[in-house]
>>> print(open('protein.pdb').read())   # PDB, C-alpha atoms, pLDDT in the B column
MODEL        1
ATOM      1  CA  MET A   1       0.000   0.000   0.000  1.00 61.00           C
ATOM      2  CA  SER A   2       1.579   3.262  -1.144  1.00 74.00           C
ATOM      3  CA  SER A   3       1.347   6.577   0.662  1.00 79.00           C
ATOM      4  CA  PRO A   4      -1.171   9.109  -0.680  1.00 76.00           C
ATOM      5  CA  THR A   5       0.026  11.581  -3.299  1.00 76.00           C
ATOM      6  CA  LEU A   6       0.015  15.334  -2.676  1.00 65.00           C
ATOM      7  CA  LYS A   7      -3.117  15.691  -4.757  1.00 67.00           C
ATOM      8  CA  GLU A   8      -4.886  12.949  -2.789  1.00 72.00           C
ATOM      9  CA  ARG A   9      -3.912  14.623   0.503  1.00 73.00           C
ATOM     10  CA  LEU A  10      -5.173  17.993  -0.753  1.00 65.00           C
ATOM     11  CA  ILE A  11      -8.505  16.491  -1.797  1.00 71.00           C
ATOM     12  CA  ALA A  12      -8.861  14.851   1.628  1.00 76.00           C
ATOM     13  CA  ALA A  13      -7.896  18.014   3.549  1.00 77.00           C
ATOM     14  CA  PRO A  14     -10.816  19.791   5.244  1.00 82.00           C
ATOM     15  CA  ILE A  15      -9.694  23.222   3.997  1.00 86.00           C
ATOM     16  CA  THR A  16     -11.326  24.947   1.026  1.00 90.00           C
ATOM     17  CA  PRO A  17      -9.891  27.500  -1.412  1.00 91.00           C
ATOM     18  CA  ASN A  18     -12.463  30.029  -0.149  1.00 93.00           C
ATOM     19  CA  ALA A  19     -11.167  29.552   3.416  1.00 93.00           C
ATOM     20  CA  ILE A  20      -7.678  30.409   2.182  1.00 92.00           C
ATOM     21  CA  SER A  21      -9.063  33.496   0.382  1.00 94.00           C
ATOM     22  CA  LEU A  22     -10.846  34.641   3.543  1.00 96.00           C
ATOM     23  CA  THR A  23      -7.683  34.075   5.590  1.00 95.00           C
ATOM     24  CA  GLY A  24      -5.859  36.357   3.140  1.00 96.00           C
ATOM     25  CA  LEU A  25      -8.578  38.979   3.656  1.00 97.00           C
ATOM     26  CA  ALA A  26      -8.277  38.725   7.448  1.00 98.00           C
ATOM     27  CA  LEU A  27      -4.494  39.128   7.280  1.00 98.00           C
ATOM     28  CA  ASN A  28      -4.784  42.148   4.986  1.00 98.00           C
ATOM     29  CA  LEU A  29      -7.326  43.724   7.342  1.00 98.00           C
ATOM     30  CA  LEU A  30      -4.808  43.127  10.110  1.00 98.00           C
ATOM     31  CA  ALA A  31      -2.119  44.765   7.955  1.00 98.00           C
ATOM     32  CA  ALA A  32      -4.372  47.790   7.446  1.00 98.00           C
ATOM     33  CA  GLY A  33      -4.947  48.047  11.199  1.00 98.00           C
ATOM     34  CA  LEU A  34      -1.215  47.846  11.799  1.00 98.00           C
ATOM     35  CA  VAL A  35      -0.666  50.647   9.259  1.00 97.00           C
ATOM     36  CA  VAL A  36      -3.142  52.798  11.188  1.00 97.00           C
ATOM     37  CA  ASP A  37      -1.120  52.114  14.349  1.00 96.00           C
ATOM     38  CA  ARG A  38       2.104  52.822  12.396  1.00 95.00           C
ATOM     39  CA  LEU A  39       3.502  49.381  13.139  1.00 96.00           C
ATOM     40  CA  TRP A  40       5.028  49.284   9.684  1.00 96.00           C
ATOM     41  CA  PHE A  41       7.211  46.192   9.857  1.00 95.00           C
ATOM     42  CA  LEU A  42       4.400  44.083  11.320  1.00 96.00           C
ATOM     43  CA  ALA A  43       2.006  45.527   8.732  1.00 97.00           C
ATOM     44  CA  GLY A  44       4.428  44.464   6.024  1.00 97.00           C
ATOM     45  CA  LEU A  45       4.645  40.926   7.405  1.00 97.00           C
ATOM     46  CA  ALA A  46       0.842  40.613   7.665  1.00 98.00           C
ATOM     47  CA  PHE A  47       0.491  41.961   4.116  1.00 98.00           C
ATOM     48  CA  ILE A  48       3.108  39.516   2.790  1.00 97.00           C
ATOM     49  CA  ILE A  49       1.514  36.488   4.486  1.00 96.00           C
ATOM     50  CA  GLY A  50      -1.982  37.598   3.428  1.00 96.00           C
ATOM     51  CA  SER A  51      -0.750  38.018  -0.142  1.00 94.00           C
ATOM     52  CA  ILE A  52       0.811  34.554  -0.063  1.00 93.00           C
ATOM     53  CA  CYS A  53      -2.641  33.218   0.871  1.00 91.00           C
ATOM     54  CA  ASP A  54      -4.010  35.089  -2.156  1.00 87.00           C
ATOM     55  CA  THR A  55      -1.495  33.274  -4.331  1.00 87.00           C
ATOM     56  CA  LEU A  56      -2.067  29.865  -2.766  1.00 86.00           C
ATOM     57  CA  ASP A  57      -5.869  29.827  -2.984  1.00 87.00           C
ATOM     58  CA  GLY A  58      -5.894  29.557  -6.784  1.00 84.00           C
ATOM     59  CA  SER A  59      -3.134  26.952  -6.860  1.00 84.00           C
ATOM     60  CA  TYR A  60      -4.828  24.950  -4.119  1.00 84.00           C
ATOM     61  CA  SER A  61      -8.120  25.196  -5.979  1.00 86.00           C
ATOM     62  CA  ARG A  62      -6.603  23.724  -9.137  1.00 84.00           C
ATOM     63  CA  MET A  63      -4.536  21.028  -7.388  1.00 81.00           C
ATOM     64  CA  SER A  64      -7.284  19.844  -5.055  1.00 82.00           C
ATOM     65  CA  GLY A  65     -10.107  20.021  -7.572  1.00 83.00           C
ATOM     66  CA  LYS A  66     -12.158  21.959  -4.997  1.00 85.00           C
ATOM     67  CA  GLY A  67     -12.436  25.134  -7.069  1.00 88.00           C
ATOM     68  CA  THR A  68     -15.755  26.597  -8.131  1.00 91.00           C
ATOM     69  CA  PRO A  69     -16.636  29.466 -10.481  1.00 93.00           C
ATOM     70  CA  PHE A  70     -17.829  31.463  -7.463  1.00 95.00           C
ATOM     71  CA  GLY A  71     -14.552  30.747  -5.663  1.00 93.00           C
ATOM     72  CA  ALA A  72     -12.590  32.152  -8.614  1.00 91.00           C
ATOM     73  CA  PHE A  73     -14.807  35.235  -8.606  1.00 94.00           C
ATOM     74  CA  LEU A  74     -14.453  35.639  -4.832  1.00 94.00           C
ATOM     75  CA  ASP A  75     -10.671  35.292  -5.052  1.00 93.00           C
ATOM     76  CA  SER A  76     -10.349  38.018  -7.700  1.00 92.00           C
ATOM     77  CA  THR A  77     -12.726  40.318  -5.857  1.00 95.00           C
ATOM     78  CA  LEU A  78     -10.970  39.924  -2.510  1.00 95.00           C
ATOM     79  CA  ASP A  79      -7.577  40.566  -4.142  1.00 93.00           C
ATOM     80  CA  ARG A  80      -8.799  44.006  -5.278  1.00 95.00           C
ATOM     81  CA  VAL A  81     -10.434  44.774  -1.908  1.00 96.00           C
ATOM     82  CA  GLU A  82      -7.339  43.787   0.076  1.00 96.00           C
ATOM     83  CA  GLU A  83      -4.967  45.884  -1.996  1.00 96.00           C
ATOM     84  CA  GLY A  84      -7.341  48.853  -1.815  1.00 96.00           C
ATOM     85  CA  ILE A  85      -7.813  48.648   1.954  1.00 97.00           C
ATOM     86  CA  VAL A  86      -4.092  48.557   2.683  1.00 98.00           C
ATOM     87  CA  LEU A  87      -3.397  51.392   0.246  1.00 98.00           C
ATOM     88  CA  ALA A  88      -6.251  53.466   1.719  1.00 98.00           C
ATOM     89  CA  THR A  89      -4.697  53.253   5.175  1.00 98.00           C
ATOM     90  CA  ILE A  90      -1.328  54.248   3.707  1.00 98.00           C
ATOM     91  CA  ALA A  91      -3.046  57.274   2.126  1.00 98.00           C
ATOM     92  CA  ALA A  92      -4.535  58.169   5.513  1.00 98.00           C
ATOM     93  CA  SER A  93      -1.053  58.021   7.022  1.00 97.00           C
ATOM     94  CA  PHE A  94       0.302  60.396   4.386  1.00 97.00           C
ATOM     95  CA  ALA A  95      -2.694  62.688   4.899  1.00 98.00           C
ATOM     96  CA  SER A  96      -2.038  62.832   8.643  1.00 97.00           C
ATOM     97  CA  ARG A  97       1.503  63.985   7.813  1.00 95.00           C
ATOM     98  CA  HIS A  98       0.104  66.650   5.463  1.00 97.00           C
ATOM     99  CA  ASP A  99       1.714  65.135   2.372  1.00 97.00           C
ATOM    100  CA  PRO A 100      -0.859  65.739  -0.388  1.00 98.00           C
ATOM    101  CA  THR A 101       1.524  64.635  -3.152  1.00 98.00           C
ATOM    102  CA  ALA A 102       1.946  61.209  -1.575  1.00 98.00           C
ATOM    103  CA  VAL A 103      -1.824  60.961  -0.996  1.00 98.00           C
ATOM    104  CA  ALA A 104      -2.410  61.731  -4.687  1.00 98.00           C
ATOM    105  CA  ALA A 105       0.131  59.047  -5.621  1.00 98.00           C
ATOM    106  CA  VAL A 106      -1.751  56.501  -3.497  1.00 98.00           C
ATOM    107  CA  VAL A 107      -5.027  57.469  -5.191  1.00 98.00           C
ATOM    108  CA  ALA A 108      -3.372  57.000  -8.591  1.00 98.00           C
ATOM    109  CA  ALA A 109      -1.905  53.661  -7.453  1.00 98.00           C
ATOM    110  CA  VAL A 110      -5.318  52.413  -6.308  1.00 98.00           C
ATOM    111  CA  LEU A 111      -7.092  53.604  -9.445  1.00 98.00           C
ATOM    112  CA  PHE A 112      -4.568  52.188 -11.871  1.00 98.00           C
ATOM    113  CA  SER A 113      -4.128  48.939  -9.927  1.00 97.00           C
ATOM    114  CA  LEU A 114      -7.851  48.447 -10.453  1.00 97.00           C
ATOM    115  CA  MET A 115      -7.453  49.405 -14.118  1.00 97.00           C
ATOM    116  CA  VAL A 116      -4.690  46.827 -14.583  1.00 97.00           C
ATOM    117  CA  SER A 117      -7.123  44.145 -13.422  1.00 95.00           C
ATOM    118  CA  TYR A 118     -10.095  45.624 -15.275  1.00 96.00           C
ATOM    119  CA  THR A 119      -8.286  45.884 -18.615  1.00 97.00           C
ATOM    120  CA  ARG A 120      -7.335  42.218 -18.428  1.00 96.00           C
ATOM    121  CA  ALA A 121     -10.859  41.123 -17.494  1.00 95.00           C
ATOM    122  CA  ARG A 122     -12.465  43.269 -20.204  1.00 97.00           C
ATOM    123  CA  ALA A 123      -9.971  42.111 -22.838  1.00 97.00           C
ATOM    124  CA  GLU A 124     -10.585  38.475 -21.979  1.00 96.00           C
ATOM    125  CA  ALA A 125     -14.350  39.094 -22.244  1.00 96.00           C
ATOM    126  CA  LEU A 126     -13.614  40.240 -25.814  1.00 96.00           C
ATOM    127  CA  GLY A 127     -11.596  37.082 -26.467  1.00 96.00           C
ATOM    128  CA  VAL A 128      -8.147  38.698 -26.198  1.00 97.00           C
ATOM    129  CA  GLN A 129      -5.485  37.354 -23.823  1.00 96.00           C
ATOM    130  CA  CYS A 130      -4.062  40.289 -21.866  1.00 96.00           C
ATOM    131  CA  LYS A 131      -1.316  39.328 -19.442  1.00 95.00           C
ATOM    132  CA  VAL A 132       1.099  41.973 -20.723  1.00 97.00           C
ATOM    133  CA  GLY A 133       2.578  44.763 -18.659  1.00 96.00           C
ATOM    134  CA  ILE A 134       5.152  45.268 -15.952  1.00 97.00           C
ATOM    135  CA  ALA A 135       2.972  45.729 -12.852  1.00 97.00           C
ATOM    136  CA  ASP A 136       0.772  42.664 -12.506  1.00 94.00           C
ATOM    137  CA  ARG A 137      -0.400  41.641  -9.037  1.00 93.00           C
ATOM    138  CA  PRO A 138       2.802  39.904  -7.853  1.00 94.00           C
ATOM    139  CA  VAL A 139       4.896  42.958  -8.773  1.00 97.00           C
ATOM    140  CA  ARG A 140       2.463  45.274  -6.980  1.00 97.00           C
ATOM    141  CA  VAL A 141       2.563  43.052  -3.883  1.00 97.00           C
ATOM    142  CA  VAL A 142       6.368  43.141  -3.832  1.00 97.00           C
ATOM    143  CA  ILE A 143       6.439  46.942  -4.163  1.00 98.00           C
ATOM    144  CA  ILE A 144       3.876  47.473  -1.386  1.00 98.00           C
ATOM    145  CA  SER A 145       5.652  44.922   0.817  1.00 97.00           C
ATOM    146  CA  ILE A 146       8.997  46.697   0.423  1.00 97.00           C
ATOM    147  CA  GLY A 147       7.361  50.021   1.221  1.00 97.00           C
ATOM    148  CA  LEU A 148       5.712  48.696   4.371  1.00 97.00           C
ATOM    149  CA  VAL A 149       8.623  46.648   5.704  1.00 96.00           C
ATOM    150  CA  PHE A 150      11.069  49.488   5.112  1.00 96.00           C
ATOM    151  CA  ALA A 151       8.742  52.359   6.073  1.00 94.00           C
ATOM    152  CA  ARG A 152      11.023  52.967   9.035  1.00 88.00           C
ATOM    153  CA  GLY A 153      14.169  51.316   7.770  1.00 76.00           C
ATOM    154  CA  ALA A 154      13.402  47.933   9.401  1.00 73.00           C
ATOM    155  CA  SER A 155      16.142  48.631  11.969  1.00 73.00           C
ATOM    156  CA  LEU A 156      18.701  48.942   9.168  1.00 81.00           C
ATOM    157  CA  GLY A 157      18.970  52.726   9.321  1.00 80.00           C
ATOM    158  CA  ASN A 158      17.095  55.984   9.476  1.00 82.00           C
ATOM    159  CA  PHE A 159      15.311  55.911   6.120  1.00 88.00           C
ATOM    160  CA  SER A 160      11.880  55.223   4.687  1.00 93.00           C
ATOM    161  CA  LEU A 161      10.972  53.551   1.420  1.00 96.00           C
ATOM    162  CA  LEU A 162       7.194  53.925   1.774  1.00 97.00           C
ATOM    163  CA  ALA A 163       6.766  57.086  -0.314  1.00 97.00           C
ATOM    164  CA  ALA A 164       9.239  55.818  -2.937  1.00 97.00           C
ATOM    165  CA  ALA A 165       7.316  52.533  -3.148  1.00 98.00           C
ATOM    166  CA  ILE A 166       4.018  54.358  -3.608  1.00 98.00           C
ATOM    167  CA  TYR A 167       5.409  56.659  -6.322  1.00 98.00           C
ATOM    168  CA  THR A 168       6.889  53.622  -8.067  1.00 98.00           C
ATOM    169  CA  LEU A 169       3.599  51.743  -7.781  1.00 98.00           C
ATOM    170  CA  ALA A 170       1.611  54.663  -9.197  1.00 98.00           C
ATOM    171  CA  GLY A 171       3.966  55.068 -12.145  1.00 98.00           C
ATOM    172  CA  LEU A 172       4.170  51.373 -12.985  1.00 98.00           C
ATOM    173  CA  THR A 173       0.407  50.813 -12.787  1.00 98.00           C
ATOM    174  CA  ILE A 174      -0.199  53.752 -15.133  1.00 98.00           C
ATOM    175  CA  ILE A 175       2.356  52.329 -17.582  1.00 98.00           C
ATOM    176  CA  THR A 176       0.862  48.832 -17.306  1.00 98.00           C
ATOM    177  CA  THR A 177      -2.653  50.130 -17.993  1.00 98.00           C
ATOM    178  CA  LEU A 178      -1.380  51.884 -21.119  1.00 98.00           C
ATOM    179  CA  GLN A 179       0.519  48.754 -22.188  1.00 98.00           C
ATOM    180  CA  ARG A 180      -2.653  46.701 -21.896  1.00 98.00           C
ATOM    181  CA  VAL A 181      -4.821  49.219 -23.745  1.00 98.00           C
ATOM    182  CA  LEU A 182      -2.332  49.345 -26.633  1.00 98.00           C
ATOM    183  CA  HIS A 183      -1.987  45.542 -26.645  1.00 98.00           C
ATOM    184  CA  VAL A 184      -5.748  45.028 -26.875  1.00 98.00           C
ATOM    185  CA  ARG A 185      -6.025  47.647 -29.614  1.00 97.00           C
ATOM    186  CA  ARG A 186      -3.354  45.834 -31.672  1.00 97.00           C
ATOM    187  CA  GLN A 187      -4.960  42.442 -31.082  1.00 96.00           C
ATOM    188  CA  LEU A 188      -8.450  43.602 -32.042  1.00 96.00           C
ATOM    189  CA  ARG A 189      -7.164  45.329 -35.177  1.00 96.00           C
ATOM    190  CA  ALA A 190      -5.487  42.078 -36.224  1.00 93.00           C
ATOM    191  CA  LEU A 191      -8.783  40.149 -36.134  1.00 86.00           C
TER     192      LEU A 191
ENDMDL
END
>>> encode(input="protein.pdb", output="structure tokens")
Amino acid sequence: MSSPTLKERLIAAPITPNAISLTGLALNLLAAGLVVDRLWFLAGLAFIIGSICDTLDGSYSRMSGKGTPFGAFLDSTLDRVEEGIVLATIAASFASRHDPTAVAAVVAAVLFSLMVSYTRARAEALGVQCKVGIADRPVRVVIISIGLVFARGASLGNFSLLAAAIYTLAGLTIITTLQRVLHVRRQLRAL
């Protein structure tokens, strides 16, 4: 009698992909609360772990065979909500420091992060694959994570990377949105 394969163990496990998605949401809500309290390093860790959950839920869904169309929808929706909540609390932090330029950059980052996702979804509804661009979700997660973890230098020095991360995020999401719009235009013209 052989030991069960990974897939067989995943199928037998009592966890569901939606439970993983909701765990990611809870961890991102915790990250947002930690941002409000200015516990930057801990906020970064909670955001990173929550984002890992967001990555694992889809993989687990496919490997275990427990995925559903609603689960895929829920996963995508929660990914947008989580990113927006954490960025909104970062904007509030900048606002409390009277930094309107950084607040505007966060607003742009939120808007264009949503547009990166929307352009892909809309393109795929038109029958065009649209995974182009430099700031897809994993890249955005890395940028936000660096900004949070190093918002106070992470005990490595007296510096902050939070504003730089937000400006970078805003710029890259704008560029990615434009890349996707131009890609879809080229693809539709070729049909």
>>> residues_around(input="protein.pdb", residues="Val132 of chain A", least_positions_apart="5", cutoff="9 Å", atoms="only C-alpha atoms", output="PDB file with C-alpha atoms, in the frame of the given file")
ATOM      1  CA  ARG A 120      -7.335  42.218 -18.428  1.00 96.00           C
ATOM      2  CA  THR A 176       0.862  48.832 -17.306  1.00 98.00           C
ATOM      3  CA  GLN A 179       0.519  48.754 -22.188  1.00 98.00           C
ATOM      4  CA  ARG A 180      -2.653  46.701 -21.896  1.00 98.00           C
ATOM      5  CA  HIS A 183      -1.987  45.542 -26.645  1.00 98.00           C
TER       6      HIS A 183
END
>>> closest_residue(input="protein.pdb", among="A:Leu172, A:Val106, A:Val116, A:Leu56", to="Ile134 of chain A", atoms="only C-alpha atoms")
A:Leu172
>>> resolve_selection(input="protein.pdb", expression="the PyMOL selection byres ((chain A and resi 71) around 10)", output="ChimeraX atom specification")
/A:16-19,21,57-58,61,66-70,72-77
>>> residues_around(input="protein.pdb", residues="Arg80 of chain A", least_positions_apart="6", cutoff="9 Å", atoms="all atoms listed in the file", output="list in words")
Ser113, Leu114 and Ser117 of chain A
>>> atom_distance(input="protein.pdb", atom1="atom CA of Ala26 of chain A", atom2="atom CA of Ile52 of chain A")
12.5 Å
>>> atom_distance(input="protein.pdb", atom1="atom CA of Thr101 of chain A", atom2="atom CA of Gly171 of chain A")
13.4 Å
>>> atom_distance(input="protein.pdb", atom1="atom CA of Leu162 of chain A", atom2="atom CA of Ser93 of chain A")
10.6 Å
>>> resolve_selection(input="protein.pdb", expression="the PyMOL selection byres ((chain A and resi 166) around 9)", output="VMD selection string")
chain A and resid 87 102 105 to 106 109 143 to 144 147 161 to 165 167 to 171
>>> axis_aligned_box(input="protein.pdb", around="segment 123-139 of chain A", padding_each_side="5 Å", output="JSON")
{"center_x": -4.6, "center_y": 41.4, "center_z": -17.2, "size_x": 29.5, "size_y": 18.6, "size_z": 28.6}
>>> residues_around(input="protein.pdb", residues="Ala91 of chain A", least_positions_apart="3", cutoff="6 Å", atoms="all atoms listed in the file", output="list of chain:residue names")
A:Ala88, A:Phe94, A:Val103, A:Val106
>>> residues_around(input="protein.pdb", residues="Ile48 of chain A", least_positions_apart="6", cutoff="12 Å", atoms="only C-alpha atoms", output="list in words")
Gly24, Leu25, Leu27, Asn28, Leu30, Ala31, Phe41, Leu42, Asp54, Thr55, Glu82, Glu83, Val86, Pro138, Arg140, Val141, Val142, Ile143, Ile144, Ser145, Ile146, Gly147, Leu148 and Val149 of chain A
>>> write_last_selection(input="protein.pdb", atoms="C-alpha atoms", output="mmCIF file, in the coordinates of the input")
data_model
loop_
_atom_site.group_PDB
_atom_site.id
_atom_site.type_symbol
_atom_site.label_atom_id
_atom_site.label_comp_id
_atom_site.auth_asym_id
_atom_site.auth_seq_id
_atom_site.Cartn_x
_atom_site.Cartn_y
_atom_site.Cartn_z
ATOM 1 C CA GLY A 24 -5.859 36.357 3.140
ATOM 2 C CA LEU A 25 -8.578 38.979 3.656
ATOM 3 C CA LEU A 27 -4.494 39.128 7.280
ATOM 4 C CA ASN A 28 -4.784 42.148 4.986
ATOM 5 C CA LEU A 30 -4.808 43.127 10.110
ATOM 6 C CA ALA A 31 -2.119 44.765 7.955
ATOM 7 C CA PHE A 41 7.211 46.192 9.857
ATOM 8 C CA LEU A 42 4.400 44.083 11.320
ATOM 9 C CA ASP A 54 -4.010 35.089 -2.156
ATOM 10 C CA THR A 55 -1.495 33.274 -4.331
ATOM 11 C CA GLU A 82 -7.339 43.787 0.076
ATOM 12 C CA GLU A 83 -4.967 45.884 -1.996
ATOM 13 C CA VAL A 86 -4.092 48.557 2.683
ATOM 14 C CA PRO A 138 2.802 39.904 -7.853
ATOM 15 C CA ARG A 140 2.463 45.274 -6.980
ATOM 16 C CA VAL A 141 2.563 43.052 -3.883
ATOM 17 C CA VAL A 142 6.368 43.141 -3.832
ATOM 18 C CA ILE A 143 6.439 46.942 -4.163
ATOM 19 C CA ILE A 144 3.876 47.473 -1.386
ATOM 20 C CA SER A 145 5.652 44.922 0.817
ATOM 21 C CA ILE A 146 8.997 46.697 0.423
ATOM 22 C CA GLY A 147 7.361 50.021 1.221
ATOM 23 C CA LEU A 148 5.712 48.696 4.371
ATOM 24 C CA VAL A 149 8.623 46.648 5.704
#
>>> closest_residue(input="protein.pdb", among="A:Ile174, A:Ala32, A:Cys130, A:Ala43", to="Val107 of chain A", atoms="only C-alpha atoms")
A:Ile174
>>> closest_residue(input="protein.pdb", among="A:Arg9, A:Thr177, A:Ala151, A:Gly157", to="Gly44 of chain A", atoms="all atoms listed in the file")
A:Ala151
>>> closest_residue(input="protein.pdb", among="A:Phe159, A:Ile175, A:Met63, A:Leu78", to="Met115 of chain A", atoms="only C-alpha atoms")
A:Ile175
>>> decode(input="protein.pdb", residues="segment 160-168 of chain A", atoms="all heavy atoms", output="PDB file, in the first residue's frame")
ATOM      1  N   SER A 160      13.205  55.761   4.964  1.00  0.00           N
ATOM      2  CA  SER A 160      11.880  55.223   4.687  1.00  0.00           C
ATOM      3  C   SER A 160      11.728  55.009   3.191  1.00  0.00           C
ATOM      4  O   SER A 160      12.050  55.893   2.401  1.00  0.00           O
ATOM      5  CB  SER A 160      10.785  56.172   5.174  1.00  0.00           C
ATOM      6  OG  SER A 160       9.515  55.677   4.784  1.00  0.00           O
ATOM      7  N   LEU A 161      11.218  53.855   2.826  1.00  0.00           N
ATOM      8  CA  LEU A 161      10.972  53.551   1.420  1.00  0.00           C
ATOM      9  C   LEU A 161       9.485  53.595   1.070  1.00  0.00           C
ATOM     10  O   LEU A 161       9.119  53.301  -0.067  1.00  0.00           O
ATOM     11  CB  LEU A 161      11.545  52.175   1.069  1.00  0.00           C
ATOM     12  CG  LEU A 161      13.054  52.014   1.175  1.00  0.00           C
ATOM     13  CD1 LEU A 161      13.464  50.605   0.755  1.00  0.00           C
ATOM     14  CD2 LEU A 161      13.781  53.054   0.350  1.00  0.00           C
ATOM     15  N   LEU A 162       8.643  53.976   2.031  1.00  0.00           N
ATOM     16  CA  LEU A 162       7.194  53.925   1.774  1.00  0.00           C
ATOM     17  C   LEU A 162       6.781  54.869   0.653  1.00  0.00           C
ATOM     18  O   LEU A 162       6.101  54.451  -0.284  1.00  0.00           O
ATOM     19  CB  LEU A 162       6.413  54.219   3.055  1.00  0.00           C
ATOM     20  CG  LEU A 162       4.899  54.071   2.943  1.00  0.00           C
ATOM     21  CD1 LEU A 162       4.509  52.647   2.507  1.00  0.00           C
ATOM     22  CD2 LEU A 162       4.229  54.402   4.271  1.00  0.00           C
ATOM     23  N   ALA A 163       7.166  56.135   0.732  1.00  0.00           N
ATOM     24  CA  ALA A 163       6.766  57.086  -0.314  1.00  0.00           C
ATOM     25  C   ALA A 163       7.350  56.665  -1.667  1.00  0.00           C
ATOM     26  O   ALA A 163       6.645  56.701  -2.685  1.00  0.00           O
ATOM     27  CB  ALA A 163       7.201  58.499   0.058  1.00  0.00           C
ATOM     28  N   ALA A 164       8.619  56.254  -1.678  1.00  0.00           N
ATOM     29  CA  ALA A 164       9.239  55.818  -2.937  1.00  0.00           C
ATOM     30  C   ALA A 164       8.491  54.626  -3.527  1.00  0.00           C
ATOM     31  O   ALA A 164       8.283  54.552  -4.746  1.00  0.00           O
ATOM     32  CB  ALA A 164      10.706  55.477  -2.698  1.00  0.00           C
ATOM     33  N   ALA A 165       8.068  53.698  -2.669  1.00  0.00           N
ATOM     34  CA  ALA A 165       7.316  52.533  -3.148  1.00  0.00           C
ATOM     35  C   ALA A 165       5.983  52.962  -3.749  1.00  0.00           C
ATOM     36  O   ALA A 165       5.579  52.454  -4.807  1.00  0.00           O
ATOM     37  CB  ALA A 165       7.093  51.540  -2.007  1.00  0.00           C
ATOM     38  N   ILE A 166       5.318  53.898  -3.108  1.00  0.00           N
ATOM     39  CA  ILE A 166       4.018  54.358  -3.608  1.00  0.00           C
ATOM     40  C   ILE A 166       4.172  55.093  -4.935  1.00  0.00           C
ATOM     41  O   ILE A 166       3.390  54.880  -5.873  1.00  0.00           O
ATOM     42  CB  ILE A 166       3.317  55.236  -2.553  1.00  0.00           C
ATOM     43  CG1 ILE A 166       2.927  54.392  -1.335  1.00  0.00           C
ATOM     44  CG2 ILE A 166       2.100  55.945  -3.144  1.00  0.00           C
ATOM     45  CD1 ILE A 166       2.008  53.208  -1.629  1.00  0.00           C
ATOM     46  N   TYR A 167       5.181  55.963  -5.051  1.00  0.00           N
ATOM     47  CA  TYR A 167       5.409  56.659  -6.322  1.00  0.00           C
ATOM     48  C   TYR A 167       5.743  55.659  -7.432  1.00  0.00           C
ATOM     49  O   TYR A 167       5.259  55.789  -8.564  1.00  0.00           O
ATOM     50  CB  TYR A 167       6.530  57.695  -6.185  1.00  0.00           C
ATOM     51  CG  TYR A 167       6.176  58.854  -5.292  1.00  0.00           C
ATOM     52  CD1 TYR A 167       7.023  59.259  -4.272  1.00  0.00           C
ATOM     53  CD2 TYR A 167       4.986  59.554  -5.458  1.00  0.00           C
ATOM     54  CE1 TYR A 167       6.699  60.318  -3.439  1.00  0.00           C
ATOM     55  CE2 TYR A 167       4.647  60.616  -4.631  1.00  0.00           C
ATOM     56  CZ  TYR A 167       5.515  60.995  -3.621  1.00  0.00           C
ATOM     57  OH  TYR A 167       5.187  62.040  -2.811  1.00  0.00           O
ATOM     58  N   THR A 168       6.540  54.669  -7.100  1.00  0.00           N
ATOM     59  CA  THR A 168       6.889  53.622  -8.067  1.00  0.00           C
ATOM     60  C   THR A 168       5.640  52.846  -8.484  1.00  0.00           C
ATOM     61  O   THR A 168       5.412  52.600  -9.674  1.00  0.00           O
ATOM     62  CB  THR A 168       7.935  52.662  -7.471  1.00  0.00           C
ATOM     63  OG1 THR A 168       9.097  53.415  -7.116  1.00  0.00           O
ATOM     64  CG2 THR A 168       8.299  51.552  -8.438  1.00  0.00           C
TER      65      THR A 168
END
